[in-house]
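Written below as structure tokens is the structure these notes are about.
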Amino acid sequence: MRWNVLRSSPKTTIERAIGAIALVLAALGPLVFNQYWAHQILIETFLFGIAAASLIFLSAYGGMVSLAQTALFGIAGVILGNLATRGGPGGTSKGLHLGWDPTVALVVAIAMTTAIGLMFGAIAARSIGIYFLMITLTYSVITTYFLGQVTLVSGFSGIGGINRYTPSWIGDLTGHPNRLYYVSLVAAVFTYVLIRYVVRTPFGITLQGVRDEPVRMSSLGYNVPLHRTLAFGFAAFLASLSGVLYVWWSGQIAPGNVDLPETISLLVIAVIGGLARIEGAWLGAFAFIIIQNYVRGFTFPFLGFGGTLFGGSFNTVIGIIFLLIVLISPDGLMGIWDRALAARSRVGRAGPSAEAPARTGG
Amino acid sequence: MRRSGLRSWHAAALAAVGIAVGVALIGGISTSSAASQAKTVRVAIMTDCKGAFGFGYEPDIGGAEAALARYAHGKAKNKKKPSAGMTGITAGGANIKIVGYGCGNDTVPLAVTETKRLMEQAKADVMIGPLSGDEAVSVANYAKSHPKKTFIIGTAGSQDPTLQIAPKNVFRYHGDGAQWNAGTGEIAYRKLHWRKAAIIMDDYSFGWTSAAGLIADYCAMGGKITKRVFPPLNTTDYAPYIRQLPPPNSVDGYFWVVGGTGTGASLKAYEQAYGKTNPKKFVGNLFFAFLGNFSEVAPRLVGAYVGGFGTSPGLKTKAARAYEGNVAKIFPGLNGGNYADGFVYNYYNAAWALVQGLNKSHGALGANLQSSLPRTLRPGYQVSGHGVLHLDKNRQAIQDQWPLQIVRKGGKPALTVVGFVPNVTQSFGGLFKKSSPPPGRTQPPCRKLKTPWQGKIRVVKNGVVTKGVIK
């Protein structure tokens, strides 16, 4: 069994080669791509990919489709904004602006978000399917309204200028956006490797057992809610990385970043990429951001519903793509890739491995 | 096995080539990035096309483009749709190219996304905009990190962009929300004899800033604010917030700072709680008069006083007529023919200032343009200083203000200017400073003080500033 995992199939070889090429291309990003692509499209891809990966991890390995990941992403950003920014002349005027050391603020933001994720997870862990979805949607809505109403920490305006307060070991990100590019790239690679590692640990294997047969795992003596809670906490940790990167990139965080449309957008990214494989997170993010950037300027006949006045054709196009993906390939773009390779090689290999989950959904 | 491995590598190589070609086709490879064309100034106009102020899209763009047509030879592609674009714009020996129109929705995240798209994807050198308060705060924060780009705020009224944040590359040729309300609190004190009042304000930057002007002006006279209530933006059910207000028999009146679709909804909730609205107990900010609410508000509140928008509808001066004529010539009927709306007027002045700056800098950008942008302007509704508006050291306008009243004319509710408050500064006579907390739920506190215009607000009758003073 172990030998099967280690031995490379042709598909694995191709994927590893593509992965390596993508990594080399990404490492050379600021040299290869123009400024807008490197500092906007790709940084966004990396950071939203991390948030989507946290969602896909829960879905693919825990059987839990969470709508709380955007909220956790925002919570991390808001905590960092409150702790790291400074008030007074030239500083920020919103939030607590406590002016902590940015490194301490960063660690506290990630730790607090993970703790909140554990708390969210503990409450939701005993529910499954649509009920789990609804509870996590509630988290998202509560977070949006909390941030909007509690002006002490955010308010509708949110907090701005956060990207001016970065740890000294990272340096000035606004003047040197390439640093943020590489920080985001390293965080994305770290997230991917970490998830791949975690799903192979005894905890990860047990989580997949909980996903497939919760009753049987419970009767075998495993604590199912605890495993789900820990998985939720782990996903919250990943979402917090994404949130921190986002506020460094955008400089701001506001309730509008975690509202229902943004929550749905993250789910759309994960579905387009594929809810069954972690790689889909970045593929979905890339596709979504490309469509967002390049389709919004166009108004297709019969699709625009008022053209620019209502955001061009973007929402319609992304909606149609979402529908097509759901109908044609529920496993998203990664599913299409898997089937294309399977058809080409005519090799019928059945059965999930530890790294390729058998099914998704709750 | 070896052959299979080789085939895999061939496939991988093909896939890599495919990805590279795809990326290149989309335009991401750096070699395809366009070299900047000589003497072309890339301008973006940022406004809202969605959300509470989405209706401001064409009026804002129309205002800016009317100035570009009048002062920089621009030709509108469609006289009924400013967003169709404009050609032939030149100033200071440079061609001005409008590279994009920003489509915000009054929220920070979209303002950031749109600003990045316009400034970095469309490579704009100058932005005219945004429309609303929170958006301007986010744009000012963005501007601080991009000192070579120049930002002229469109019509946003939050205080922070030019006082607390105040980057050197941000300019505002109109007042902020507090400035627009100068004189209105004093009118409530003198004309309506209010001594105890409550205030309801939208819970975001513009709501706070606008309320700050009313509070500061009213409290300066000795009035007291007994309660402040803050409904979130986009609230649909205002009943809980109306119930937080003191009942009408315990206060002399209410300052009403609720905008967008909330203006009508909040007044209806008041009527359900306390019966018919008494105009003598209501003073509103510009939301009572502009931004699409007038037809809903006015029939309920004929006689109520309203804070202004830095504009003077019906002002009978040469400059006012010239401005209105300029807009009407380029975009006849823009904004329903209401050119005295700040949406049109403020974008017009922003674009006009840009043209003057480019003429002076001979098309140079960055620091050259920023030092060349005018520190004075002659906008249509400026009267004091022989019609010259000045910027302060933070590049913020010191502007005349015009309190309004809802009246009945020819059997229909109409708007009339009742007061003239000359040269209102952003500091509000020293109350607001760079080091002071920005307007918020509890800022500013209610304090008696001496504003420069106290006791000097001139009466305006039939569009003419008289020598009389409001008593």
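Letters A, B, ... go to the chains of the structure tokens in the order shown; residues in each chain start at 1; ligands are counted from 1 in the same order.
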
| request: Write down, as a ChimeraX atom specification, each residue of chain A that has any atom within 9 Å of an atom of chain B, counting only C-alpha atoms. | output: /A:9-11,13-18,21-22,30-38,40,87-94,148-149,151,155-161,164,174-175,250-257,293-294,308-311

| message | So that I can check the surroundings of Ile195 of chain A, please list as a VMD selection string every protein, DNA and RNA residue that reaches within 9 Å of it, counting only C-alpha atoms and ignoring chain neighbours fewer than 4 positions away. | response | chain A and resid 53 to 54 57 190 to 191 199 to 200 278

| query | Leaving out Leu230 of chain A and any residue of its chain fewer than 5 positions from it, which residues lie within 12 Å of it when counting only C-alpha atoms, given as a PyMOL selection string? | reply | chain A and resi 58+62+114-125+198+203-204+206-207+223-225+235-237

| request: Go through A:Ala71, A:Val107, A:Val271, A:Ala60 one by one, measure the shortest atom-to-atom distance of each to Asp331 of chain A using only C-alpha atoms, and give the residue with the smallest value. | output: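 Counting only C-alpha atoms, the residue closest to Asp331 of chain A is A:Val271.
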
| field | Polymer residues at most 12 Å from Ser427 of chain B, only C-alpha atoms, same-chain spacing of 3 or more positions, as an NGL selection string | value | :B and (159-160 or 162-164 or 175-176 or 178-179 or 182 or 212-213 or 216 or 392-394 or 396-399 or 423-424 or 430-436 or 438-439 or 444 or 451-452)

Would you mind exporting the chosen residues as an mmCIF file, in the first residue's frame, restricted to C-alpha atoms?
data_model
loop_
_atom_site.group_PDB
_atom_site.id
_atom_site.type_symbol
_atom_site.label_atom_id
_atom_site.label_comp_id
_atom_site.auth_asym_id
_atom_site.auth_seq_id
_atom_site.Cartn_x
_atom_site.Cartn_y
_atom_site.Cartn_z
ATOM 1 C CA GLN B 159 -13.084 64.779 6.567
ATOM 2 C CA ASP B 160 -10.130 62.363 6.886
ATOM 3 C CA THR B 162 -7.625 66.077 3.573
ATOM 4 C CA LEU B 163 -7.223 66.503 7.333
ATOM 5 C CA GLN B 164 -6.133 63.369 9.202
ATOM 6 C CA GLY B 175 -16.061 71.326 1.016
ATOM 7 C CA ASP B 176 -16.372 68.255 3.186
ATOM 8 C CA ALA B 178 -19.174 69.348 7.812
ATOM 9 C CA GLN B 179 -18.359 72.434 5.753
ATOM 10 C CA ALA B 182 -22.018 75.445 8.100
ATOM 11 C CA ALA B 212 -20.313 66.908 12.833
ATOM 12 C CA GLY B 213 -21.013 70.117 10.889
ATOM 13 C CA ALA B 216 -20.601 71.905 15.837
ATOM 14 C CA ASP B 392 -5.802 75.482 2.416
ATOM 15 C CA LYS B 393 -2.356 74.000 3.166
ATOM 16 C CA ASN B 394 -3.825 70.476 3.033
ATOM 17 C CA GLN B 396 -8.691 71.354 0.780
ATOM 18 C CA ALA B 397 -11.177 73.965 -0.433
ATOM 19 C CA ILE B 398 -12.222 76.930 1.698
ATOM 20 C CA GLN B 399 -15.674 77.291 0.247
ATOM 21 C CA ASN B 423 -15.345 81.051 3.114
ATOM 22 C CA VAL B 424 -15.948 78.104 5.425
ATOM 23 C CA GLY B 430 -10.388 75.774 14.809
ATOM 24 C CA LEU B 431 -12.609 72.934 16.046
ATOM 25 C CA PHE B 432 -11.205 70.254 13.726
ATOM 26 C CA LYS B 433 -7.452 69.748 13.620
ATOM 27 C CA LYS B 434 -5.074 67.225 12.132
ATOM 28 C CA SER B 435 -4.402 65.958 15.643
ATOM 29 C CA SER B 436 -8.062 65.899 16.710
ATOM 30 C CA PRO B 438 -12.028 62.596 13.127
ATOM 31 C CA PRO B 439 -15.816 62.847 13.241
ATOM 32 C CA PRO B 444 -17.204 66.247 18.007
ATOM 33 C CA THR B 451 -17.364 80.197 14.643
ATOM 34 C CA PRO B 452 -16.087 82.819 12.201
#

| remark: Between atom CA of Trp402 of chain B and atom CA of Ala198 of chain B lies a distance of 22.8 Å

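Assigned to strand (DSSP E) in segment 173-350 of chain B, given DSSP computed from backbone atoms, are Lys196, Ala197, Ala198, Ile199, Ile200, Met201, Lys224, Ile225, Thr226, Lys227, Arg228, Val229, Gly253, Tyr254, Phe255, Trp256, Val257, Phe282, Val283, Gly284, Tyr305 and Val306 of chain B.
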
Could those residues be written to a file, using C-alpha atoms, as a PDB file, in the first residue's frame?
ATOM      1  CA  LYS B 196     -32.425  70.811  22.940  1.00  0.00           C
ATOM      2  CA  ALA B 197     -32.140  68.575  19.893  1.00  0.00           C
ATOM      3  CA  ALA B 198     -31.455  64.952  18.961  1.00  0.00           C
ATOM      4  CA  ILE B 199     -29.569  63.705  15.921  1.00  0.00           C
ATOM      5  CA  ILE B 200     -29.881  60.571  13.794  1.00  0.00           C
ATOM      6  CA  MET B 201     -26.905  59.910  11.498  1.00  0.00           C
ATOM      7  CA  LYS B 224     -27.588  70.959  23.424  1.00  0.00           C
ATOM      8  CA  ILE B 225     -27.632  67.542  21.737  1.00  0.00           C
ATOM      9  CA  THR B 226     -29.480  65.180  24.069  1.00  0.00           C
ATOM     10  CA  LYS B 227     -29.219  61.991  22.009  1.00  0.00           C
ATOM     11  CA  ARG B 228     -27.210  60.637  19.045  1.00  0.00           C
ATOM     12  CA  VAL B 229     -28.569  57.620  17.145  1.00  0.00           C
ATOM     13  CA  GLY B 253     -36.209  69.151  17.035  1.00  0.00           C
ATOM     14  CA  TYR B 254     -34.199  66.541  15.192  1.00  0.00           C
ATOM     15  CA  PHE B 255     -31.178  66.816  12.927  1.00  0.00           C
ATOM     16  CA  TRP B 256     -31.666  64.169  10.225  1.00  0.00           C
ATOM     17  CA  VAL B 257     -28.584  62.744   8.495  1.00  0.00           C
ATOM     18  CA  PHE B 282     -36.736  68.754  11.338  1.00  0.00           C
ATOM     19  CA  VAL B 283     -33.464  69.987   9.912  1.00  0.00           C
ATOM     20  CA  GLY B 284     -31.789  67.746   7.352  1.00  0.00           C
ATOM     21  CA  TYR B 305     -34.277  73.916   6.693  1.00  0.00           C
ATOM     22  CA  VAL B 306     -31.650  71.872   4.932  1.00  0.00           C
TER      23      VAL B 306
END

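Closest approach to Thr90 of chain B among B:Ile61, B:Ala111, B:Val251, B:Val355 is made by B:Val355 (distances from only C-alpha atoms).
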
| query | Hey, which of A:Pro102, A:Gly274, A:Gly319, A:Gly95 ends up closest to Ser168 of chain A? Count only C-alpha atoms. | reply |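 The shortest atom-to-atom distance to Ser168 of chain A comes from A:Pro102.
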